[in-house]
file run-v9.cif (mmCIF, C-alpha atoms)
data_run
loop_
_atom_site.label_atom_id
_atom_site.label_comp_id
_atom_site.auth_asym_id
_atom_site.auth_seq_id
_atom_site.Cartn_x
_atom_site.Cartn_y
_atom_site.Cartn_z
CA MET A 1 0.00 0.00 0.00
CA GLY A 2 1.24 3.48 -0.80
CA ILE A 3 1.49 6.45 1.44
CA VAL A 4 -1.87 7.27 3.00
CA THR A 5 -3.30 10.63 2.05
CA ARG A 6 -4.96 12.15 5.10
CA GLY A 7 -8.68 12.72 4.73
CA PHE A 8 -8.97 11.12 1.28
CA GLY A 9 -11.45 8.42 0.34
CA GLY A 10 -14.80 9.72 1.46
CA ARG A 11 -16.44 10.15 -1.94
CA ARG A 12 -15.45 7.05 -3.82
CA PRO A 13 -17.85 5.54 -6.34
CA GLU A 14 -18.65 1.81 -6.19
CA PRO A 15 -18.16 0.17 -9.59
CA GLU A 16 -20.62 -2.59 -10.49
CA LYS A 17 -17.83 -4.82 -11.79
CA PRO A 18 -14.03 -4.84 -11.56
CA LEU A 19 -12.04 -2.10 -13.24
CA PRO A 20 -8.49 -2.57 -14.52
CA PRO A 21 -5.90 -1.26 -12.06
CA GLY A 22 -5.62 2.52 -11.87
CA GLN A 23 -8.83 3.17 -13.82
CA PHE A 24 -11.94 5.08 -12.78
CA LEU A 25 -15.43 4.82 -14.17
CA THR A 26 -16.96 7.60 -16.23
CA GLU A 27 -20.44 8.07 -17.64
CA ASP A 28 -19.12 10.55 -20.21
CA PHE A 29 -17.28 9.67 -23.35
CA PRO A 30 -14.12 11.78 -23.10
CA VAL A 31 -12.07 12.44 -26.22
CA LEU A 32 -8.34 11.99 -26.54
CA SER A 33 -6.70 12.95 -29.82
CA ALA A 34 -3.33 14.47 -30.51
CA GLY A 35 -4.63 16.98 -33.03
CA PRO A 36 -7.72 18.33 -34.76
CA THR A 37 -10.55 16.04 -35.79
CA PRO A 38 -10.40 15.27 -39.52
CA ASN A 39 -13.72 15.35 -41.31
CA VAL A 40 -13.84 12.50 -43.81
CA ASP A 41 -16.66 12.33 -46.31
CA THR A 42 -17.92 8.78 -46.76
CA ASP A 43 -17.90 9.39 -50.54
CA ASP A 44 -14.13 9.66 -50.33
CA TRP A 45 -13.64 7.08 -47.60
CA ALA A 46 -11.88 3.78 -48.19
CA LEU A 47 -10.36 1.09 -46.04
CA THR A 48 -7.23 -0.53 -47.43
CA LEU A 49 -5.68 -3.78 -46.32
CA ARG A 50 -2.03 -3.93 -47.35
CA THR A 51 0.20 -6.98 -47.12
CA GLU A 52 3.65 -7.85 -48.53
CA GLY A 53 2.72 -7.84 -52.16
CA GLU A 54 -0.86 -6.78 -52.50
CA SER A 55 -3.52 -4.48 -51.31
CA ARG A 56 -7.28 -4.61 -51.25
CA SER A 57 -9.72 -1.77 -50.57
CA TRP A 58 -13.33 -1.36 -49.54
CA SER A 59 -15.39 1.71 -50.30
CA TRP A 60 -17.90 2.95 -47.75
CA ASP A 61 -20.77 1.15 -49.49
CA GLU A 62 -18.71 -2.03 -49.71
CA LEU A 63 -17.97 -1.84 -45.99
CA LEU A 64 -21.65 -1.46 -45.17
CA ALA A 65 -22.42 -4.46 -47.38
CA LEU A 66 -20.22 -6.72 -45.26
CA PRO A 67 -21.89 -8.69 -42.44
CA ALA A 68 -22.11 -6.50 -39.35
CA GLU A 69 -22.17 -7.31 -35.65
CA ASP A 70 -23.52 -5.52 -32.60
CA VAL A 71 -20.88 -5.31 -29.91
CA VAL A 72 -21.34 -4.40 -26.24
CA THR A 73 -18.03 -3.91 -24.51
CA ASP A 74 -16.14 -2.05 -21.79
CA ILE A 75 -13.48 0.39 -22.92
CA HIS A 76 -10.41 1.58 -21.04
CA CYS A 77 -8.45 4.74 -21.89
CA VAL A 78 -4.82 5.12 -20.83
CA THR A 79 -5.77 8.52 -19.39
CA ARG A 80 -7.51 6.43 -16.71
CA TRP A 81 -11.17 6.59 -17.55
CA SER A 82 -13.12 3.43 -18.26
CA LYS A 83 -16.64 3.16 -19.57
CA PHE A 84 -18.84 0.12 -19.14
CA ASP A 85 -21.22 -1.43 -21.68
CA THR A 86 -20.57 0.78 -24.69
CA ARG A 87 -22.63 -0.27 -27.73
CA TRP A 88 -21.12 -0.41 -31.19
CA ARG A 89 -21.97 -1.78 -34.62
CA GLY A 90 -19.40 -2.69 -37.20
CA VAL A 91 -17.61 -5.35 -39.18
CA SER A 92 -15.51 -7.97 -37.46
CA LEU A 93 -11.90 -7.91 -38.56
CA ASP A 94 -12.26 -11.67 -39.03
CA VAL A 95 -14.31 -10.71 -42.09
CA VAL A 96 -11.87 -8.06 -43.31
CA LEU A 97 -8.78 -10.17 -42.70
CA GLY A 98 -10.43 -13.50 -43.45
CA ASP A 99 -8.92 -14.20 -46.85
CA VAL A 100 -5.59 -12.53 -46.34
CA GLU A 101 -2.53 -14.65 -46.95
CA THR A 102 0.46 -13.32 -45.13
CA THR A 103 3.43 -14.34 -43.03
CA GLY A 104 3.28 -10.98 -41.25
CA GLU A 105 2.33 -11.04 -37.58
CA PHE A 106 2.03 -7.33 -36.93
CA VAL A 107 -0.36 -4.64 -38.06
CA LEU A 108 0.19 -0.93 -38.27
CA ALA A 109 -3.13 0.91 -38.47
CA HIS A 110 -3.09 4.23 -40.34
CA SER A 111 -5.71 6.93 -39.91
CA TYR A 112 -6.94 9.94 -41.82
CA GLY A 113 -5.07 12.83 -40.22
CA GLY A 114 -1.82 10.87 -39.93
CA TYR A 115 -2.31 8.93 -36.70
CA THR A 116 -0.87 5.42 -36.47
CA THR A 117 -0.93 2.60 -33.93
CA ASN A 118 0.47 -0.92 -33.89
CA VAL A 119 -1.37 -4.09 -32.88
CA PRO A 120 -0.29 -7.73 -33.23
CA LEU A 121 -2.31 -9.42 -35.99
CA GLU A 122 -3.59 -12.11 -33.63
CA ASP A 123 -5.15 -9.40 -31.43
CA LEU A 124 -7.33 -8.38 -34.36
CA LEU A 125 -8.67 -11.91 -35.01
CA ASP A 126 -11.06 -14.34 -33.33
CA GLY A 127 -13.82 -11.89 -32.51
CA LYS A 128 -11.60 -9.42 -30.67
CA ALA A 129 -11.67 -6.44 -33.04
CA TRP A 130 -13.95 -4.56 -35.41
CA ILE A 131 -14.20 -1.70 -37.86
CA ALA A 132 -16.94 0.20 -36.01
CA TYR A 133 -19.21 2.74 -37.68
CA GLU A 134 -22.10 3.12 -35.22
CA TYR A 135 -22.02 4.07 -31.57
CA GLU A 136 -25.10 3.80 -29.35
CA GLY A 137 -27.29 3.33 -32.41
CA GLU A 138 -26.09 6.44 -34.23
CA PRO A 139 -23.50 6.96 -36.96
CA LEU A 140 -20.12 7.32 -35.27
CA ASP A 141 -19.44 10.99 -34.55
CA PRO A 142 -16.20 12.34 -36.13
CA VAL A 143 -15.05 13.38 -32.65
CA HIS A 144 -15.07 9.72 -31.67
CA GLY A 145 -13.47 8.51 -34.89
CA GLY A 146 -16.25 8.55 -37.46
CA PRO A 147 -17.01 7.63 -40.10
CA ALA A 148 -15.25 4.46 -38.93
CA ARG A 149 -12.68 3.52 -36.32
CA LEU A 150 -10.83 0.47 -35.21
CA LEU A 151 -12.34 -1.11 -32.09
CA VAL A 152 -9.92 -3.29 -30.09
CA PRO A 153 -11.48 -3.06 -26.65
CA HIS A 154 -9.22 -5.54 -24.85
CA LEU A 155 -6.32 -3.09 -25.26
CA TYR A 156 -6.07 0.53 -24.06
CA PHE A 157 -8.25 2.64 -26.27
CA TRP A 158 -5.44 4.47 -28.10
CA LYS A 159 -5.07 1.17 -30.02
CA SER A 160 -8.63 1.62 -31.34
CA ALA A 161 -7.50 4.04 -34.04
CA LYS A 162 -10.02 6.71 -34.93
CA TRP A 163 -10.62 7.59 -38.60
CA VAL A 164 -8.94 4.37 -39.71
CA ARG A 165 -8.07 4.13 -43.39
CA GLU A 166 -5.45 1.39 -43.73
CA LEU A 167 -4.30 -1.80 -42.03
CA GLU A 168 -0.73 -2.58 -43.02
CA VAL A 169 0.45 -6.12 -42.23
CA LEU A 170 4.16 -6.23 -41.43
CA ASP A 171 6.79 -8.85 -40.61
CA THR A 172 8.27 -6.76 -37.83
CA GLU A 173 6.54 -4.66 -35.22
CA GLN A 174 6.65 -0.95 -36.02
CA PRO A 175 5.64 1.39 -33.19
CA GLY A 176 2.80 3.79 -33.94
CA PHE A 177 2.28 7.40 -32.87
CA TRP A 178 1.82 7.18 -29.10
CA GLU A 179 4.07 4.14 -28.93
CA THR A 180 6.99 6.28 -30.12
CA TYR A 181 6.11 8.87 -27.46
CA GLY A 182 6.69 6.44 -24.65
CA TYR A 183 3.44 4.53 -24.46
CA HIS A 184 3.56 0.75 -24.16
CA ILE A 185 4.06 -1.27 -27.33
CA TYR A 186 1.15 -3.63 -26.44
CA GLY A 187 -1.10 -1.83 -23.95
CA ASP A 188 -3.01 -4.41 -21.88
CA PRO A 189 -5.13 -2.46 -19.35
CA TRP A 190 -5.41 -5.44 -16.98
CA LEU A 191 -1.59 -5.56 -16.75
CA GLU A 192 -1.54 -1.74 -16.58
CA GLN A 193 0.81 -1.53 -19.57
CA ARG A 194 0.55 2.23 -19.93
CA PHE A 195 4.12 3.24 -20.56
CA ALA A 196 7.17 1.62 -22.12
CA MET B 1 10.64 11.85 -26.80
CA THR B 2 9.91 11.09 -23.21
CA ALA B 3 8.94 7.73 -21.89
CA GLY B 4 6.70 7.56 -18.87
CA SER B 5 8.81 7.30 -15.79
CA SER B 6 7.34 4.26 -14.14
CA GLY B 7 8.12 4.77 -10.49
CA TRP B 8 5.91 6.32 -7.85
CA HIS B 9 7.55 8.90 -5.58
CA ALA B 10 6.35 10.08 -2.20
CA ALA B 11 5.42 13.75 -2.28
CA THR B 12 4.45 16.30 0.35
CA VAL B 13 2.24 19.33 -0.08
CA VAL B 14 4.35 22.43 0.59
CA GLY B 15 1.99 25.11 -0.66
CA THR B 16 -1.53 25.80 -1.84
CA GLN B 17 -3.07 28.89 -3.38
CA ARG B 18 -6.70 29.57 -4.15
CA LEU B 19 -6.96 30.50 -7.85
CA THR B 20 -10.72 30.89 -8.21
CA GLU B 21 -13.82 29.78 -6.37
CA THR B 22 -13.42 26.30 -7.88
CA ALA B 23 -9.69 26.03 -8.51
CA ARG B 24 -6.54 25.79 -6.49
CA ALA B 25 -2.81 25.70 -7.20
CA ILE B 26 -0.89 23.01 -5.32
CA THR B 27 2.87 22.74 -4.91
CA LEU B 28 4.42 19.43 -3.92
CA SER B 29 7.93 18.57 -2.87
CA ALA B 30 8.66 15.30 -4.67
CA PRO B 31 12.20 13.96 -4.21
CA GLY B 32 13.15 11.74 -7.16
CA VAL B 33 10.89 13.52 -9.66
CA GLY B 34 12.92 15.27 -12.35
CA GLY B 35 12.17 18.64 -13.89
CA ALA B 36 9.49 18.48 -16.58
CA LEU B 37 9.25 19.98 -20.04
CA PRO B 38 6.53 22.61 -20.44
CA GLY B 39 3.28 20.94 -21.49
CA GLN B 40 3.94 17.68 -19.66
CA HIS B 41 1.75 16.20 -16.93
CA ILE B 42 2.13 13.98 -13.89
CA ASP B 43 0.01 11.29 -12.30
CA LEU B 44 -1.09 11.69 -8.69
CA ARG B 45 -1.97 8.66 -6.59
CA LEU B 46 -4.06 9.11 -3.46
CA THR B 47 -4.51 6.28 -0.97
CA ALA B 48 -7.29 6.11 1.62
CA PRO B 49 -6.63 4.60 5.08
CA ASP B 50 -8.29 1.33 4.00
CA GLY B 51 -6.04 0.98 0.95
CA TYR B 52 -8.44 2.29 -1.68
CA GLN B 53 -6.50 4.21 -4.30
CA ALA B 54 -7.33 6.69 -7.01
CA VAL B 55 -5.02 8.02 -9.71
CA ARG B 56 -5.52 11.13 -11.82
CA SER B 57 -3.42 13.02 -14.34
CA TYR B 58 -2.77 16.74 -13.96
CA SER B 59 -0.93 19.11 -16.24
CA LEU B 60 1.93 21.01 -14.68
CA VAL B 61 1.54 24.80 -14.49
CA ALA B 62 5.26 25.36 -13.98
CA THR B 63 8.14 23.13 -15.03
CA GLY B 64 11.89 22.75 -15.11
CA VAL B 65 12.69 22.46 -11.40
CA ASP B 66 13.72 19.04 -10.08
CA GLU B 67 11.73 17.60 -7.18
CA ARG B 68 9.06 20.28 -7.43
CA VAL B 69 5.57 19.65 -8.79
CA ASP B 70 3.19 22.55 -9.49
CA ILE B 71 -0.34 21.77 -10.60
CA GLY B 72 -3.59 23.66 -10.93
CA VAL B 73 -6.77 21.73 -10.16
CA ASP B 74 -10.30 22.75 -11.02
CA ARG B 75 -13.09 21.06 -9.08
CA VAL B 76 -15.16 18.74 -11.28
CA PRO B 77 -18.79 18.21 -10.18
CA ASP B 78 -18.86 15.02 -8.09
CA GLY B 79 -15.12 14.58 -8.62
CA GLU B 80 -13.82 12.41 -5.82
CA VAL B 81 -10.20 13.47 -6.37
CA SER B 82 -10.54 17.06 -7.59
CA GLY B 83 -13.02 17.85 -4.82
CA TYR B 84 -10.59 16.57 -2.21
CA LEU B 85 -7.62 18.41 -3.71
CA VAL B 86 -9.44 21.74 -4.03
CA ASP B 87 -11.34 21.72 -0.74
CA ASP B 88 -9.68 19.41 1.80
CA LEU B 89 -5.97 19.12 1.10
CA GLN B 90 -3.60 20.84 3.53
CA VAL B 91 0.08 21.68 3.62
CA GLY B 92 1.94 18.66 4.99
CA ASP B 93 -0.40 16.09 3.44
CA GLN B 94 1.23 13.29 1.48
CA MET B 95 0.52 11.47 -1.75
CA GLU B 96 2.47 9.86 -4.58
CA VAL B 97 3.64 11.27 -7.90
CA ARG B 98 4.71 9.62 -11.13
CA GLY B 99 6.22 11.47 -14.04
CA PRO B 100 6.81 13.75 -15.75
CA LEU B 101 4.75 12.17 -18.53
CA GLY B 102 3.92 12.91 -22.15
CA GLY B 103 6.31 13.86 -24.90
CA TYR B 104 4.08 15.26 -27.63
CA PHE B 105 2.18 18.22 -26.17
CA VAL B 106 5.46 19.93 -25.35
CA TRP B 107 7.15 23.20 -26.34
CA HIS B 108 10.92 23.33 -26.67
CA SER B 109 12.47 26.63 -25.67
CA ASP B 110 15.00 26.58 -28.54
CA ASP B 111 12.14 26.68 -31.06
CA VAL B 112 11.91 30.16 -32.56
CA ALA B 113 8.61 29.76 -34.46
CA PRO B 114 5.62 31.83 -33.31
CA VAL B 115 3.45 30.08 -30.77
CA LEU B 116 -0.32 30.40 -30.51
CA LEU B 117 -1.76 29.10 -27.24
CA VAL B 118 -5.51 28.58 -27.04
CA ALA B 119 -6.89 27.80 -23.59
CA GLY B 120 -10.38 27.03 -22.40
CA GLY B 121 -10.85 27.34 -18.63
CA SER B 122 -8.53 25.07 -16.66
CA GLY B 123 -6.99 24.10 -19.99
CA LEU B 124 -4.74 27.05 -19.24
CA ALA B 125 -2.56 24.81 -17.05
CA PRO B 126 -0.07 23.34 -19.56
CA LEU B 127 -0.16 26.50 -21.67
CA LEU B 128 0.80 28.57 -18.63
CA ALA B 129 3.78 26.25 -18.15
CA ILE B 130 4.77 26.86 -21.77
CA LEU B 131 4.39 30.63 -21.36
CA ARG B 132 6.39 30.63 -18.13
CA SER B 133 9.17 28.58 -19.68
CA ARG B 134 9.44 31.05 -22.57
CA VAL B 135 10.00 33.80 -20.03
CA ALA B 136 12.45 31.71 -17.99
CA ALA B 137 14.44 30.74 -21.09
CA GLY B 138 14.62 34.32 -22.36
CA SER B 139 13.15 33.14 -25.67
CA ALA B 140 12.19 35.76 -28.24
CA ALA B 141 9.65 33.56 -30.01
CA PRO B 142 6.45 35.57 -30.57
CA PHE B 143 3.69 34.25 -28.31
CA ARG B 144 -0.04 34.82 -28.22
CA LEU B 145 -2.33 33.37 -25.59
CA VAL B 146 -6.06 33.29 -26.28
CA TYR B 147 -7.71 32.38 -22.98
CA SER B 148 -11.44 31.71 -22.84
CA VAL B 149 -13.22 31.78 -19.48
CA ARG B 150 -16.82 32.06 -18.38
CA THR B 151 -16.51 35.10 -16.11
CA PRO B 152 -13.79 37.46 -14.82
CA GLY B 153 -13.74 35.44 -11.59
CA ASP B 154 -12.60 32.35 -13.48
CA VAL B 155 -9.26 33.77 -14.65
CA TRP B 156 -6.20 32.01 -13.20
CA TYR B 157 -3.23 34.26 -12.35
CA PRO B 158 -4.76 37.50 -13.76
CA ASP B 159 -1.90 39.68 -12.48
CA GLU B 160 0.76 37.50 -14.06
CA LEU B 161 -1.09 37.44 -17.38
CA GLU B 162 -1.59 41.19 -17.31
CA ALA B 163 2.15 41.66 -16.76
CA ALA B 164 3.11 39.51 -19.76
CA PRO B 165 6.50 40.55 -21.13
CA PRO B 166 7.12 42.14 -24.56
CA GLY B 167 6.56 39.65 -27.35
CA VAL B 168 3.71 37.97 -25.47
CA GLU B 169 0.13 38.99 -26.25
CA VAL B 170 -2.68 37.84 -24.00
CA ALA B 171 -6.29 37.99 -25.18
CA LEU B 172 -9.00 37.17 -22.66
CA LEU B 173 -12.33 35.97 -23.96
CA TYR B 174 -15.39 35.85 -21.74
CA THR B 175 -18.20 33.52 -22.66
CA ARG B 176 -20.83 34.49 -20.05
CA ASP B 177 -19.99 37.71 -18.20
CA ALA B 178 -17.37 40.26 -19.21
CA PRO B 179 -15.95 43.06 -17.05
CA PRO B 180 -17.78 46.40 -17.36
CA GLY B 181 -16.85 48.19 -20.56
CA TRP B 182 -15.10 45.15 -22.07
CA PRO B 183 -15.06 45.69 -25.87
CA ARG B 184 -16.05 42.15 -26.78
CA PRO B 185 -19.52 41.00 -25.71
CA PRO B 186 -19.59 37.60 -23.99
CA HIS B 187 -19.82 34.73 -26.44
CA ARG B 188 -18.01 31.57 -27.38
CA ILE B 189 -14.73 31.64 -29.25
CA THR B 190 -14.98 32.52 -32.94
CA ALA B 191 -12.53 32.62 -35.85
CA HIS B 192 -12.24 36.37 -35.30
CA ASP B 193 -10.78 35.73 -31.83
CA LEU B 194 -8.01 33.64 -33.37
CA VAL B 195 -6.90 36.21 -35.95
CA ALA B 196 -3.84 38.29 -35.10
CA ASP B 197 -0.87 39.78 -36.95
CA GLY B 198 2.06 37.42 -36.81
CA PHE B 199 -0.05 34.36 -36.00
CA SER B 200 -1.81 33.73 -39.30
CA PRO B 201 -1.50 30.39 -41.13
CA ALA B 202 1.14 32.02 -43.36
CA ASP B 203 3.26 32.73 -40.27
CA ARG B 204 3.23 28.98 -39.55
CA PRO B 205 2.79 29.22 -35.80
CA ASP B 206 2.91 26.15 -33.61
CA VAL B 207 -0.54 25.95 -32.06
CA PHE B 208 -1.37 24.39 -28.70
CA VAL B 209 -5.03 23.99 -27.75
CA CYS B 210 -6.16 22.77 -24.35
CA GLY B 211 -9.52 22.65 -22.62
CA SER B 212 -12.69 20.60 -22.46
CA THR B 213 -13.53 18.37 -25.39
CA GLY B 214 -16.16 20.80 -26.64
CA PHE B 215 -13.79 23.74 -26.45
CA VAL B 216 -10.92 21.93 -28.14
CA GLU B 217 -13.10 20.54 -30.91
CA GLY B 218 -14.55 23.98 -31.55
CA ALA B 219 -11.24 25.83 -31.48
CA ALA B 220 -9.37 23.23 -33.54
CA ALA B 221 -12.10 23.25 -36.19
CA LEU B 222 -11.91 27.07 -36.37
CA LEU B 223 -8.11 26.93 -36.72
CA THR B 224 -8.10 24.32 -39.48
CA GLY B 225 -10.95 26.20 -41.18
CA MET B 226 -8.78 29.33 -41.19
CA GLY B 227 -6.05 27.39 -42.96
CA HIS B 228 -3.75 26.41 -40.12
CA ASP B 229 -1.87 23.21 -40.89
CA PRO B 230 -3.49 20.41 -38.84
CA ALA B 231 -0.02 18.91 -38.33
CA ARG B 232 1.02 22.07 -36.42
CA ILE B 233 -1.97 21.99 -34.08
CA LYS B 234 -1.45 20.00 -30.90
CA THR B 235 -4.44 19.35 -28.73
CA GLU B 236 -5.02 18.20 -25.18
CA ARG B 237 -8.52 17.56 -23.90
CA PHE B 238 -9.54 17.42 -20.27
CA GLY B 239 -11.86 14.68 -19.18
CA GLY B 240 -11.45 14.34 -15.47
CA ALA B 241 -13.24 13.47 -12.31
#
call {"tool": "encode", "arguments": {"input": "run-v9.cif", "output": "structure tokens"}}
result
Amino acid sequence: MGIVTRGFGGRRPEPEKPLPPGQFLTEDFPVLSAGPTPNVDTDDWALTLRTEGESRSWSWDELLALPAEDVVTDIHCVTRWSKFDTRWRGVSLDVVLGDVETTGEFVLAHSYGGYTTNVPLEDLLDGKAWIAYEYEGEPLDPVHGGPARLLVPHLYFWKSAKWVRELEVLDTEQPGFWETYGYHIYGDPWLEQRFA
Amino acid sequence: MTAGSSGWHAATVVGTQRLTETARAITLSAPGVGGALPGQHIDLRLTAPDGYQAVRSYSLVATGVDERVDIGVDRVPDGEVSGYLVDDLQVGDQMEVRGPLGGYFVWHSDDVAPVLLVAGGSGLAPLLAILRSRVAAGSAAPFRLVYSVRTPGDVWYPDELEAAPPGVEVALLYTRDAPPGWPRPPHRITAHDLVADGFSPADRPDVFVCGSTGFVEGAAALLTGMGHDPARIKTERFGGA
């Protein structure tokens, strides 16, 4: 136990289920972005999957034509807020990555606006990650990453790249934006992997 | 580039100062914590007698001195930590500090480009650290601070801002009540408030925006709409509890 802070502890909330270490519960949906919010028209939007030798793209209409799932999940931001039971709709990355043939084990996600983040390929498969385009039954607000963002809720939320436009499969792990500024290369909230 | 320093350090409150009705400046003595770069933040960990802990991040309002941590805290409605820090904390109380943290929302004092700082409410905190470090470093980089508050009573460090040195412009914007005779009627920030000689997109200023999500989204959209390069606009949004 750390040093006791005199008089502290009288107003604590009681979470309904466990929180990862060092997190607190919020009812809001705070926003963390390094720069301005890009506004991407769905007419111009595309998602590209790039591997060693080839690339494949989906237009907005093609994305919406893929089988979609409703996802209810808890999310955990490295800035210490967590939010329970957030509701999303989107396409499982098992669908997007389903036919890909690659020896690469790492993915670097690229966003409109220049943001990047790295995630191991296996963390995007087996029902663990989505391209999300609805939040709480509404089209995803640009502030929260619309028209579409990566949703990888078992990792800290900076891994769930807003405004995603490309998934690049790589043989070696390449740190993304926050990862080069000292954040953890993997980012498991339950292991409190905030910083490198 | 700054990695997060992982260790927690015991810290003792050595000073507090009321800033506004809802905000307070707190100075901690924190042996083992190195001097921060302006714009960086620290984590505070508070522990109750039964072992319950809470951790929050706070931007530093002054930087560069080893073992000294200066933060400004605004009370958030129902905030279990901010309420304690603003209303109950006393000199001599102890807690733990980790940091300094964050390597992106940082100004480097050898950078000579113009700097436009845009603050909403307690979002002033890291921008004040940047402003103070310009003064401490003797930098000649042109600075402009646009500081939006609800009422005159919400301004942090009004005397210090009024006494800004040559090369530093400070523009106060009031959104609800302005002082008597103030030339600008109270309203939210507009593009007009962000226009100034020497800080246009053509002058390629580095822009730092900090405040609530709504404020930052609004201000950043105005700035990019005016033609500022999105890559030169760094933003920090306060959630908080």
call {"tool": "interface_residues", "arguments": {"input": "run-v9.cif", "of": "chain B", "to": "chain A", "cutoff": "8 Å", "atoms": "only C-alpha atoms", "output": "JSON, numbers by chain"}}
result
{"B": [1, 2, 3, 4, 5, 6, 10, 46, 47, 48, 49, 51, 52, 53, 54, 55, 56, 57, 80, 84, 88, 89, 93, 94, 95, 96, 102, 103, 104, 105, 213, 217, 220, 221, 224, 230, 231, 233, 234, 235, 236, 237, 238, 239, 241]}
call {"tool": "residues_around", "arguments": {"input": "run-v9.cif", "residues": "Thr51 in chain A", "least_positions_apart": "3", "cutoff": "7 Å", "atoms": "all atoms listed in the file", "output": "MDAnalysis selection string"}}
result
chainID A and resid 54:55 102 168:170
call {"tool": "write_last_selection", "arguments": {"input": "run-v9.cif", "atoms": "C-alpha atoms", "output": "PDB file, in the coordinates of the input"}}
result
ATOM      1  CA  GLU A  54      -0.860  -6.780 -52.500  1.00  0.00           C
ATOM      2  CA  SER A  55      -3.520  -4.480 -51.310  1.00  0.00           C
ATOM      3  CA  THR A 102       0.460 -13.320 -45.130  1.00  0.00           C
ATOM      4  CA  GLU A 168      -0.730  -2.580 -43.020  1.00  0.00           C
ATOM      5  CA  VAL A 169       0.450  -6.120 -42.230  1.00  0.00           C
ATOM      6  CA  LEU A 170       4.160  -6.230 -41.430  1.00  0.00           C
TER       7      LEU A 170
END
call {"tool": "residues_around", "arguments": {"input": "run-v9.cif", "residues": "Gln174 in chain A", "least_positions_apart": "4", "cutoff": "12 Å", "atoms": "only C-alpha atoms", "output": "number ranges by chain"}}
result
A: 104-110, 116-120, 168-170, 178-180, 185-186
call {"tool": "resolve_selection", "arguments": {"input": "run-v9.cif", "expression": "the PyMOL selection byres ((chain B and resi 113) around 7)", "output": "mmCIF file with C-alpha atoms, keeping the file's coordinate frame"}}
result
data_model
loop_
_atom_site.group_PDB
_atom_site.id
_atom_site.type_symbol
_atom_site.label_atom_id
_atom_site.label_comp_id
_atom_site.auth_asym_id
_atom_site.auth_seq_id
_atom_site.Cartn_x
_atom_site.Cartn_y
_atom_site.Cartn_z
ATOM 1 C CA ASP B 111 12.140 26.680 -31.060
ATOM 2 C CA VAL B 112 11.910 30.160 -32.560
ATOM 3 C CA PRO B 114 5.620 31.830 -33.310
ATOM 4 C CA VAL B 115 3.450 30.080 -30.770
ATOM 5 C CA ALA B 141 9.650 33.560 -30.010
ATOM 6 C CA PRO B 205 2.790 29.220 -35.800
ATOM 7 C CA ASP B 206 2.910 26.150 -33.610
#
call {"tool": "resolve_selection", "arguments": {"input": "run-v9.cif", "expression": "the PyMOL selection byres ((chain B and resi 63) around 9)", "output": "PyMOL selection string"}}
result
chain B and resi 35-40+60-62+64-66+68-70+129-130+132-133
call {"tool": "resolve_selection", "arguments": {"input": "run-v9.cif", "expression": "the PyMOL selection byres ((chain A and resi 96) around 10)", "output": "MDAnalysis selection string"}}
result
chainID A and resid 47:49 56:58 63 66 91:95 97:100 125 130:131 167
call {"tool": "atom_distance", "arguments": {"input": "run-v9.cif", "atom1": "CA of Pro126 in chain B", "atom2": "CA of Cys210 in chain B"}}
result
7.8 Å
call {"tool": "atom_distance", "arguments": {"input": "run-v9.cif", "atom1": "CA of Val152 in chain A", "atom2": "CA of Ala65 in chain A"}}
result
21.4 Å
call {"tool": "closest_residue", "arguments": {"input": "run-v9.cif", "among": "B:Leu116, B:Leu131, B:Val73, B:Ala219", "to": "Ala196 in chain B", "atoms": "all atoms listed in the file"}}
result
B:Leu116
